[in-house]
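Visitor: Here it is, the structure in full.
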Amino acid sequence: MSKLKKPVPLYEDIRALVLSARQTIARGVDLLQVHTNYEIGRRIFEQEQQGANRAEYGKEVLNELAARLTAEFGAGFSRTNLASMRQFYVAYPDRVSRIVQTPSGQFKVGAIPQTLSGELPVSPIVQTLSGQSLDPGTQPQAAFTLSWSHYVFLMGLKEAERSFYEIEATQQGWTLRELKRQFNAGLYERLALSRDKDSIRELARKGQHVAKPQDLLKEPYVLEFLGLQEKASYSESKLESAIVTHIENFLLELGKGFLFEARQKRFTFDEEHFFVDLVLYNRLLRCYVLIDLKIGKLTHQNLGQMQMYVNYFDRFVRTKEENHTIGIVLCKKKNTALVEITLPKDANIHAREYQLYLPSKEELQQKLEEWIGEQDA
């Protein structure tokens with residue numbers, strides 16, 4: 001075992017970093033903490049590479065750093081927290097930190113974004129930590145956009161899921177609670193199961209990109225927030241009322257760009273009244289989205305009824321500037337073969353199942369792996 005080198009330079013380096021961060025008044029305190037923790041993690045990782053027996057050396061480095069930093073700065077620098085900072089750097093090794101070191105050796109904090117945009121912002125830093133300019137041909141890496149608590153959770157995910165959920169949490173402004181709910185509900189797997197293999201790769205790189213009706217779909221829709229019991233007896237009207245009561249959560253579950261317009265929307269055709277359960281509008285696709293709720297097994301009559309609703313809206317409600325109406329029959333149990341034989345291939349009608357409990361992540365992952373295997377065969 002190699003003898004532990006005194007980590008005095010490392011301690012002074014991190015000490016200066018912490019002091020600089022605490023003295024800086026910047027917008028976005030959470031992001032400042034994230035970038036500070038990333039730099040601490042990077043320095044610890046690089047220091048560990050100097051030890052012959054890295055496991056033992058790294059353990060002693062963390063122990064000594066934790067004791068000295070806690071003595072000076074108080075809580076927040078336990079061995080466990082420092083290990084998380086190191087793991088943070090390992091999980092995101094190609095990110096460019098907004099905390100830079102100038103040629104004079106003083107630390108400063110780069111611009112922290114004020115709001116969450118539709119894209120992960122690119123760091124504007126033009127200096128590396130050594131104070132040298134970036135090569136003009138170098139493409140800066142994305143900067144961090146979420147809180148430290150978000151990243152502590154994301155570090156425990158697989159790389160593809162981690163990338164997807166980071167992008168979605170940024171674009172949708174998810175709280176940590178909402179991020180965990182979307183993960184536990186298997187959002188990534190449910191979206192992936194509604195796509196081809198190439199589109200699954202796009203999910204990991206770009207998040208959920210909405211350009212066509214199929215981009216909105218997932219399977220199943222998870223409505224555990226309604227508070228309805230899976231085995232209890234409930235009517236379609238009770239299901240509808242529960243959705244309207246929890247409309248914010250329902251729109252989040254549906255996906256991006258949805259706006260609620262009406263429930264039991266009435267229209268009259270040939271002196272007969274018809275009622276659409278839920279009328280929504282998607283601002284990204286610029287079209288109406290009609291939802292019919294069915295608590296039982298899907299029938300061809302359900303699909304025919306939705307086709308009539310969609311035809312009516314396309315002919316009498318939508319404007320020339322808007323795209324064709326989308327119809328979704330949300331049912332407890334669908335029959336894929338029935339859907340395929342009932343609807344033409346270009347129909348803008350979709351049947352999707354819902355469930356009233358969080359799905360099993362393991363079952364969804366297994367189902368996705370089997371589906372990918374079938375695509376490769």
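We name chains A, B, ... following the order of the structure tokens; residues begin at 1 in each chain, and ligands are numbered from 1 as shown.
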Tell me, as a list of chain:residue names, which residues lie within 10 Å of segment 175-178 of chain A, counting only C-alpha atoms; anything in the same chain fewer than 3 positions away does not count.
Guide: A:Leu146, A:Ser147, A:Trp148, A:Ser149, A:His150, A:Tyr151, A:Phe153, A:Ala169, A:Thr170, A:Gln172, A:Arg181, A:Gln182, A:Phe183, A:Asn184, A:Asn249, A:Leu252
Visitor: Could the residues in this selection be written to a file with all heavy atoms, as a compact mmCIF listing (two decimals), in the first residue's frame?
Guide:
# COMPACT_ATOMS: atom_id res chain seq x y z
N LEU A 146 -30.02 21.99 -13.20
CA LEU A 146 -30.91 21.58 -12.13
C LEU A 146 -30.25 21.75 -10.77
O LEU A 146 -29.07 22.07 -10.68
CB LEU A 146 -31.31 20.11 -12.34
CG LEU A 146 -32.01 19.78 -13.66
CD1 LEU A 146 -32.13 18.28 -13.85
CD2 LEU A 146 -33.37 20.44 -13.73
N SER A 147 -31.01 21.51 -9.72
CA SER A 147 -30.48 21.65 -8.37
C SER A 147 -29.61 20.45 -8.02
O SER A 147 -29.64 19.41 -8.67
CB SER A 147 -31.62 21.77 -7.36
OG SER A 147 -32.25 20.51 -7.19
N TRP A 148 -28.84 20.60 -6.95
CA TRP A 148 -27.99 19.52 -6.49
C TRP A 148 -28.82 18.29 -6.11
O TRP A 148 -28.44 17.15 -6.40
CB TRP A 148 -27.16 19.99 -5.30
CG TRP A 148 -26.32 18.93 -4.65
CD1 TRP A 148 -26.37 18.51 -3.35
CD2 TRP A 148 -25.28 18.16 -5.26
NE1 TRP A 148 -25.45 17.53 -3.12
CE2 TRP A 148 -24.75 17.29 -4.27
CE3 TRP A 148 -24.74 18.11 -6.55
CZ2 TRP A 148 -23.73 16.38 -4.53
CZ3 TRP A 148 -23.71 17.21 -6.81
CH2 TRP A 148 -23.22 16.36 -5.80
N SER A 149 -29.98 18.51 -5.50
CA SER A 149 -30.84 17.38 -5.12
C SER A 149 -31.29 16.60 -6.35
O SER A 149 -31.38 15.37 -6.31
CB SER A 149 -32.07 17.89 -4.35
OG SER A 149 -31.69 18.51 -3.13
N HIS A 150 -31.58 17.31 -7.44
CA HIS A 150 -31.93 16.63 -8.69
C HIS A 150 -30.79 15.73 -9.15
O HIS A 150 -31.00 14.57 -9.53
CB HIS A 150 -32.23 17.65 -9.79
CG HIS A 150 -33.57 18.30 -9.70
ND1 HIS A 150 -33.84 19.34 -8.83
CD2 HIS A 150 -34.73 18.08 -10.38
CE1 HIS A 150 -35.10 19.72 -8.98
NE2 HIS A 150 -35.66 18.97 -9.92
N TYR A 151 -29.56 16.26 -9.12
CA TYR A 151 -28.43 15.51 -9.64
C TYR A 151 -28.06 14.33 -8.74
O TYR A 151 -27.59 13.30 -9.23
CB TYR A 151 -27.23 16.43 -9.86
CG TYR A 151 -27.39 17.25 -11.11
CD1 TYR A 151 -27.58 18.63 -11.04
CD2 TYR A 151 -27.37 16.66 -12.38
CE1 TYR A 151 -27.74 19.39 -12.19
CE2 TYR A 151 -27.53 17.42 -13.52
CZ TYR A 151 -27.72 18.77 -13.43
OH TYR A 151 -27.89 19.51 -14.56
N PHE A 153 -30.16 12.49 -7.29
CA PHE A 153 -31.08 11.45 -7.74
C PHE A 153 -30.68 10.91 -9.11
O PHE A 153 -30.65 9.69 -9.34
CB PHE A 153 -32.50 11.99 -7.79
CG PHE A 153 -33.51 11.00 -8.34
CD1 PHE A 153 -33.97 9.96 -7.57
CD2 PHE A 153 -33.98 11.13 -9.64
CE1 PHE A 153 -34.88 9.04 -8.07
CE2 PHE A 153 -34.89 10.22 -10.15
CZ PHE A 153 -35.34 9.17 -9.36
N ALA A 169 -36.58 17.24 -17.09
CA ALA A 169 -36.73 18.02 -15.86
C ALA A 169 -36.40 19.48 -16.11
O ALA A 169 -37.03 20.39 -15.54
CB ALA A 169 -35.84 17.45 -14.76
N THR A 170 -35.41 19.73 -16.97
CA THR A 170 -35.04 21.10 -17.30
C THR A 170 -36.11 21.77 -18.13
O THR A 170 -36.56 22.88 -17.82
CB THR A 170 -33.71 21.11 -18.08
OG1 THR A 170 -32.66 20.60 -17.26
CG2 THR A 170 -33.33 22.52 -18.51
N GLN A 172 -39.29 20.96 -18.55
CA GLN A 172 -40.61 21.02 -17.94
C GLN A 172 -40.61 21.69 -16.57
O GLN A 172 -41.67 21.91 -15.98
CB GLN A 172 -41.18 19.60 -17.80
CG GLN A 172 -41.26 18.82 -19.10
CD GLN A 172 -42.05 19.55 -20.16
OE1 GLN A 172 -43.17 19.99 -19.91
NE2 GLN A 172 -41.49 19.69 -21.35
N ARG A 181 -41.49 11.09 -9.42
CA ARG A 181 -42.77 10.51 -9.82
C ARG A 181 -42.70 10.03 -11.27
O ARG A 181 -43.15 8.93 -11.60
CB ARG A 181 -43.87 11.54 -9.64
CG ARG A 181 -45.28 10.98 -9.86
CD ARG A 181 -45.80 11.26 -11.24
NE ARG A 181 -46.99 10.46 -11.54
CZ ARG A 181 -47.52 10.34 -12.74
NH1 ARG A 181 -46.96 10.94 -13.77
NH2 ARG A 181 -48.57 9.59 -12.96
N GLN A 182 -42.13 10.85 -12.16
CA GLN A 182 -42.03 10.47 -13.57
C GLN A 182 -41.12 9.26 -13.74
O GLN A 182 -41.39 8.38 -14.57
CB GLN A 182 -41.50 11.65 -14.40
CG GLN A 182 -42.42 12.86 -14.45
CD GLN A 182 -43.66 12.62 -15.29
OE1 GLN A 182 -43.91 11.53 -15.78
NE2 GLN A 182 -44.48 13.66 -15.46
N PHE A 183 -40.05 9.20 -12.97
CA PHE A 183 -39.16 8.03 -13.03
C PHE A 183 -39.86 6.78 -12.53
O PHE A 183 -39.83 5.73 -13.17
CB PHE A 183 -37.89 8.29 -12.21
CG PHE A 183 -37.01 7.08 -12.09
CD1 PHE A 183 -36.19 6.68 -13.14
CD2 PHE A 183 -37.00 6.32 -10.93
CE1 PHE A 183 -35.38 5.55 -13.04
CE2 PHE A 183 -36.20 5.19 -10.81
CZ PHE A 183 -35.39 4.81 -11.88
N ASN A 184 -40.51 6.90 -11.37
CA ASN A 184 -41.20 5.74 -10.79
C ASN A 184 -42.35 5.27 -11.68
O ASN A 184 -42.72 4.09 -11.66
CB ASN A 184 -41.72 6.08 -9.39
CG ASN A 184 -40.60 6.25 -8.39
OD1 ASN A 184 -39.54 5.65 -8.52
ND2 ASN A 184 -40.82 7.09 -7.38
N ASN A 249 -52.16 17.55 -12.93
CA ASN A 249 -51.40 16.30 -12.96
C ASN A 249 -51.69 15.50 -14.23
O ASN A 249 -50.80 14.86 -14.80
CB ASN A 249 -51.71 15.44 -11.73
CG ASN A 249 -51.13 16.01 -10.47
OD1 ASN A 249 -50.09 16.66 -10.49
ND2 ASN A 249 -51.79 15.79 -9.35
N LEU A 252 -49.78 16.95 -17.11
CA LEU A 252 -48.37 16.57 -17.00
C LEU A 252 -48.15 15.14 -17.46
O LEU A 252 -47.15 14.83 -18.12
CB LEU A 252 -47.90 16.73 -15.55
CG LEU A 252 -47.61 18.15 -15.06
CD1 LEU A 252 -47.34 18.16 -13.57
CD2 LEU A 252 -46.43 18.76 -15.81
Visitor: Going by DSSP on the backbone, which residues of segment 145-353 of chain A come out as strand (DSSP E or B)? List them as a ChimeraX atom specification.
Guide: /A:221-222,258-269,272-282,287-297,326-333,349-353
Visitor: Hey, can you check how far atom CA of Arg283 of chain A sits from atom CA of Gly257 of chain A?
Guide: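 So the two atoms, atom CA of Arg283 of chain A and atom CA of Gly257 of chain A, lie 5.3 Å apart.
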Visitor: Separation of atom CA of Asp314 of chain A and atom CA of Cys287 of chain A, in Å?
Guide: 9.5 Å
Visitor: Skip segment 288-290 of chain A itself and residues of its chain fewer than 5 positions away, then list as a list in words all residues within 8 Å of it, counting only C-alpha atoms.
Guide: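 These residues fall inside the cut-off: Val276, Asp277, Leu278, Val279, Leu280, Tyr281, Asn282, Tyr309, Val310, Phe313, Arg318, His324, Thr325, Ile326, Gly327 and Ile328 of chain A.
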Visitor: Store the residues of this selection in a file with C-alpha atoms, as a PDB file, in the first residue's frame.
Guide:
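Writing done, so here's again.pdb:
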ATOM      1  CA  VAL A 276     -66.823  14.479 -26.195  1.00  0.00           C
ATOM      2  CA  ASP A 277     -65.489  13.536 -22.750  1.00  0.00           C
ATOM      3  CA  LEU A 278     -62.410  15.789 -22.820  1.00  0.00           C
ATOM      4  CA  VAL A 279     -61.341  18.390 -25.379  1.00  0.00           C
ATOM      5  CA  LEU A 280     -57.698  19.481 -25.194  1.00  0.00           C
ATOM      6  CA  TYR A 281     -55.440  21.530 -27.414  1.00  0.00           C
ATOM      7  CA  ASN A 282     -51.762  20.910 -28.056  1.00  0.00           C
ATOM      8  CA  TYR A 309     -65.763  13.046 -33.350  1.00  0.00           C
ATOM      9  CA  VAL A 310     -62.465  13.683 -35.116  1.00  0.00           C
ATOM     10  CA  PHE A 313     -63.819  18.723 -35.446  1.00  0.00           C
ATOM     11  CA  ARG A 318     -60.450  23.551 -36.713  1.00  0.00           C
ATOM     12  CA  HIS A 324     -55.722  17.681 -38.106  1.00  0.00           C
ATOM     13  CA  THR A 325     -57.472  16.660 -34.897  1.00  0.00           C
ATOM     14  CA  ILE A 326     -56.086  13.749 -32.857  1.00  0.00           C
ATOM     15  CA  GLY A 327     -58.397  11.271 -31.161  1.00  0.00           C
ATOM     16  CA  ILE A 328     -57.346   9.119 -28.194  1.00  0.00           C
TER      17      ILE A 328
END
Visitor: Give the answer as one residue: which of A:Gly76, A:Gly304, A:Gly227, A:Gly58 has the shortest atom-to-atom distance to His350 of chain A, using only C-alpha atoms?
Guide: A:Gly304
Visitor: I'd like the neighbourhood of segment 72-75 of chain A as a list in words, where a residue qualifies if any of its atoms comes within 12 Å (using only C-alpha atoms), though same-chain residues fewer than 2 positions away should be ignored.
Guide: Tyr11, Ile14, Arg15, Ala16, Val18, Leu19, Arg22, Leu65, Ala66, Ala67, Arg68, Leu69, Thr70, Phe77, Ser78, Arg79, Thr80, Asn81 and Leu82 of chain A
Visitor: For the selection you just gave me, I'd like the residues written to a file as a short mmCIF file (atom, residue, chain, number, x, y, z; two decimals), in the first residue's frame, keeping all heavy atoms.
Guide:
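Writing done, so here's result04.cif:
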data_model
loop_
_atom_site.label_atom_id
_atom_site.label_comp_id
_atom_site.auth_asym_id
_atom_site.auth_seq_id
_atom_site.Cartn_x
_atom_site.Cartn_y
_atom_site.Cartn_z
N TYR A 11 -6.31 20.45 -0.37
CA TYR A 11 -7.14 21.11 0.63
C TYR A 11 -7.19 22.62 0.36
O TYR A 11 -8.26 23.24 0.36
CB TYR A 11 -6.61 20.86 2.04
CG TYR A 11 -7.33 21.67 3.09
CD1 TYR A 11 -8.57 21.26 3.57
CD2 TYR A 11 -6.79 22.87 3.58
CE1 TYR A 11 -9.25 22.02 4.51
CE2 TYR A 11 -7.46 23.62 4.51
CZ TYR A 11 -8.70 23.20 4.98
OH TYR A 11 -9.37 23.95 5.89
N ILE A 14 -9.34 23.37 -2.74
CA ILE A 14 -10.78 23.27 -2.49
C ILE A 14 -11.24 24.36 -1.53
O ILE A 14 -12.32 24.93 -1.67
CB ILE A 14 -11.13 21.87 -1.95
CG1 ILE A 14 -10.89 20.83 -3.05
CG2 ILE A 14 -12.57 21.82 -1.45
CD1 ILE A 14 -11.14 19.40 -2.61
N ARG A 15 -10.39 24.68 -0.55
CA ARG A 15 -10.73 25.74 0.40
C ARG A 15 -10.95 27.07 -0.32
O ARG A 15 -11.92 27.79 -0.06
CB ARG A 15 -9.61 25.87 1.44
CG ARG A 15 -9.85 26.95 2.49
CD ARG A 15 -8.72 26.97 3.52
NE ARG A 15 -9.01 27.93 4.56
CZ ARG A 15 -8.76 29.25 4.47
NH1 ARG A 15 -8.22 29.74 3.36
NH2 ARG A 15 -9.06 30.05 5.48
N ALA A 16 -10.05 27.38 -1.27
CA ALA A 16 -10.19 28.62 -2.04
C ALA A 16 -11.45 28.59 -2.89
O ALA A 16 -12.14 29.61 -3.05
CB ALA A 16 -8.96 28.82 -2.92
N VAL A 18 -14.28 26.96 -2.19
CA VAL A 18 -15.46 27.13 -1.33
C VAL A 18 -15.60 28.58 -0.89
O VAL A 18 -16.69 29.16 -0.92
CB VAL A 18 -15.37 26.20 -0.10
CG1 VAL A 18 -16.51 26.48 0.87
CG2 VAL A 18 -15.40 24.74 -0.55
N LEU A 19 -14.48 29.20 -0.50
CA LEU A 19 -14.52 30.60 -0.07
C LEU A 19 -14.99 31.51 -1.20
O LEU A 19 -15.80 32.42 -1.00
CB LEU A 19 -13.14 31.05 0.40
CG LEU A 19 -12.69 30.49 1.76
CD1 LEU A 19 -11.23 30.88 2.03
CD2 LEU A 19 -13.59 31.02 2.88
N ARG A 22 -18.74 31.06 -1.73
CA ARG A 22 -19.56 31.64 -0.66
C ARG A 22 -19.55 33.16 -0.68
O ARG A 22 -20.47 33.80 -0.20
CB ARG A 22 -19.05 31.12 0.70
CG ARG A 22 -19.34 29.64 0.90
CD ARG A 22 -19.13 29.21 2.33
NE ARG A 22 -19.64 27.85 2.55
CZ ARG A 22 -19.72 27.26 3.73
NH1 ARG A 22 -19.34 27.92 4.82
NH2 ARG A 22 -20.18 26.04 3.84
N LEU A 65 -10.03 15.20 4.14
CA LEU A 65 -10.72 16.38 3.62
C LEU A 65 -12.00 16.65 4.38
O LEU A 65 -12.31 17.79 4.74
CB LEU A 65 -11.04 16.19 2.13
CG LEU A 65 -9.94 16.47 1.13
CD1 LEU A 65 -10.42 16.11 -0.28
CD2 LEU A 65 -9.53 17.93 1.18
N ALA A 66 -12.77 15.60 4.65
CA ALA A 66 -14.04 15.75 5.36
C ALA A 66 -13.81 16.36 6.73
O ALA A 66 -14.55 17.27 7.15
CB ALA A 66 -14.73 14.40 5.48
N ALA A 67 -12.79 15.90 7.44
CA ALA A 67 -12.52 16.41 8.78
C ALA A 67 -12.14 17.88 8.75
O ALA A 67 -12.64 18.70 9.53
CB ALA A 67 -11.41 15.58 9.42
N ARG A 68 -11.25 18.26 7.82
CA ARG A 68 -10.75 19.64 7.79
C ARG A 68 -11.80 20.62 7.26
O ARG A 68 -11.96 21.73 7.78
CB ARG A 68 -9.48 19.71 6.95
CG ARG A 68 -8.33 18.88 7.55
CD ARG A 68 -7.04 19.11 6.81
NE ARG A 68 -6.57 20.49 6.97
CZ ARG A 68 -5.44 20.96 6.44
NH1 ARG A 68 -4.68 20.15 5.69
NH2 ARG A 68 -5.06 22.20 6.63
N LEU A 69 -12.52 20.22 6.19
CA LEU A 69 -13.53 21.11 5.63
C LEU A 69 -14.71 21.29 6.59
O LEU A 69 -15.25 22.39 6.72
CB LEU A 69 -14.03 20.56 4.29
CG LEU A 69 -13.03 20.63 3.13
CD1 LEU A 69 -13.53 19.83 1.94
CD2 LEU A 69 -12.78 22.08 2.72
N THR A 70 -15.10 20.23 7.28
CA THR A 70 -16.19 20.33 8.25
C THR A 70 -15.80 21.21 9.42
O THR A 70 -16.61 21.99 9.93
CB THR A 70 -16.59 18.93 8.75
OG1 THR A 70 -17.02 18.13 7.64
CG2 THR A 70 -17.73 19.02 9.76
N PHE A 77 -19.93 18.78 4.31
CA PHE A 77 -18.68 18.25 3.76
C PHE A 77 -18.29 16.93 4.43
O PHE A 77 -17.12 16.66 4.66
CB PHE A 77 -17.55 19.27 3.91
CG PHE A 77 -17.80 20.53 3.11
CD1 PHE A 77 -18.33 21.65 3.71
CD2 PHE A 77 -17.53 20.56 1.75
CE1 PHE A 77 -18.58 22.80 2.98
CE2 PHE A 77 -17.77 21.69 1.01
CZ PHE A 77 -18.30 22.83 1.63
N SER A 78 -19.30 16.12 4.72
CA SER A 78 -19.03 14.80 5.28
C SER A 78 -18.37 13.94 4.22
O SER A 78 -18.36 14.26 3.03
CB SER A 78 -20.34 14.14 5.73
OG SER A 78 -21.17 13.87 4.61
N ARG A 79 -17.83 12.83 4.66
CA ARG A 79 -17.19 11.91 3.72
C ARG A 79 -18.19 11.44 2.67
O ARG A 79 -17.86 11.33 1.48
CB ARG A 79 -16.60 10.71 4.46
CG ARG A 79 -15.81 9.77 3.57
CD ARG A 79 -15.37 8.51 4.33
NE ARG A 79 -14.61 7.64 3.45
CZ ARG A 79 -15.15 6.85 2.52
NH1 ARG A 79 -16.46 6.85 2.35
NH2 ARG A 79 -14.38 6.09 1.75
N THR A 80 -19.44 11.19 3.10
CA THR A 80 -20.47 10.74 2.17
C THR A 80 -20.77 11.80 1.12
O THR A 80 -20.90 11.51 -0.08
CB THR A 80 -21.77 10.40 2.93
OG1 THR A 80 -21.50 9.35 3.87
CG2 THR A 80 -22.87 9.96 1.98
N ASN A 81 -20.86 13.07 1.56
CA ASN A 81 -21.14 14.15 0.62
C ASN A 81 -19.99 14.35 -0.36
O ASN A 81 -20.21 14.60 -1.55
CB ASN A 81 -21.41 15.45 1.38
CG ASN A 81 -22.78 15.44 2.07
OD1 ASN A 81 -23.62 14.61 1.75
ND2 ASN A 81 -22.97 16.35 3.00
N LEU A 82 -18.77 14.26 0.14
CA LEU A 82 -17.61 14.40 -0.75
C LEU A 82 -17.56 13.26 -1.77
O LEU A 82 -17.20 13.46 -2.93
CB LEU A 82 -16.32 14.45 0.06
CG LEU A 82 -16.11 15.70 0.93
CD1 LEU A 82 -14.82 15.58 1.74
CD2 LEU A 82 -16.06 16.96 0.07
#
Visitor: What's the 10 Å shell around Ala192 of chain A, counting only C-alpha atoms, without same-chain residues fewer than 3 positions away, as number ranges by chain?
Guide: A: 186-189, 195-204, 208, 217-219, 368, 371-372
Visitor: Quote the spacing between atom CA of Gln87 of chain A and atom CA of Ser20 of chain A in Å to one decimal place.
Guide: 22.5 Å
Visitor: Which of segment 161-213 of chain A end up as alpha helix (DSSP H) when DSSP is run on this backbone - answer as a PyMOL selection string?
Guide: chain A and resi 161-172+176-184+187-192+197-206
Visitor: Measuring between only C-alpha atoms, which one of A:Val244, A:Leu251, A:Leu228, A:Leu154 shows the shortest distance to Gln355 of chain A?
Guide: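 Going through A:Val244, A:Leu251, A:Leu228, A:Leu154 one by one, the smallest distance to Gln355 of chain A is for A:Leu228.
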Visitor: For segment 330-332 of chain A, work out the shell of residues within 6 Å, counting only C-alpha atoms and skipping chain neighbours fewer than 4 positions away, then give it as a list in words.
Guide: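 Near neighbours after the sequence-gap exclusion: Leu293, Lys294, Ile295, Gly296, Arg352, Glu353 and Tyr354 of chain A.
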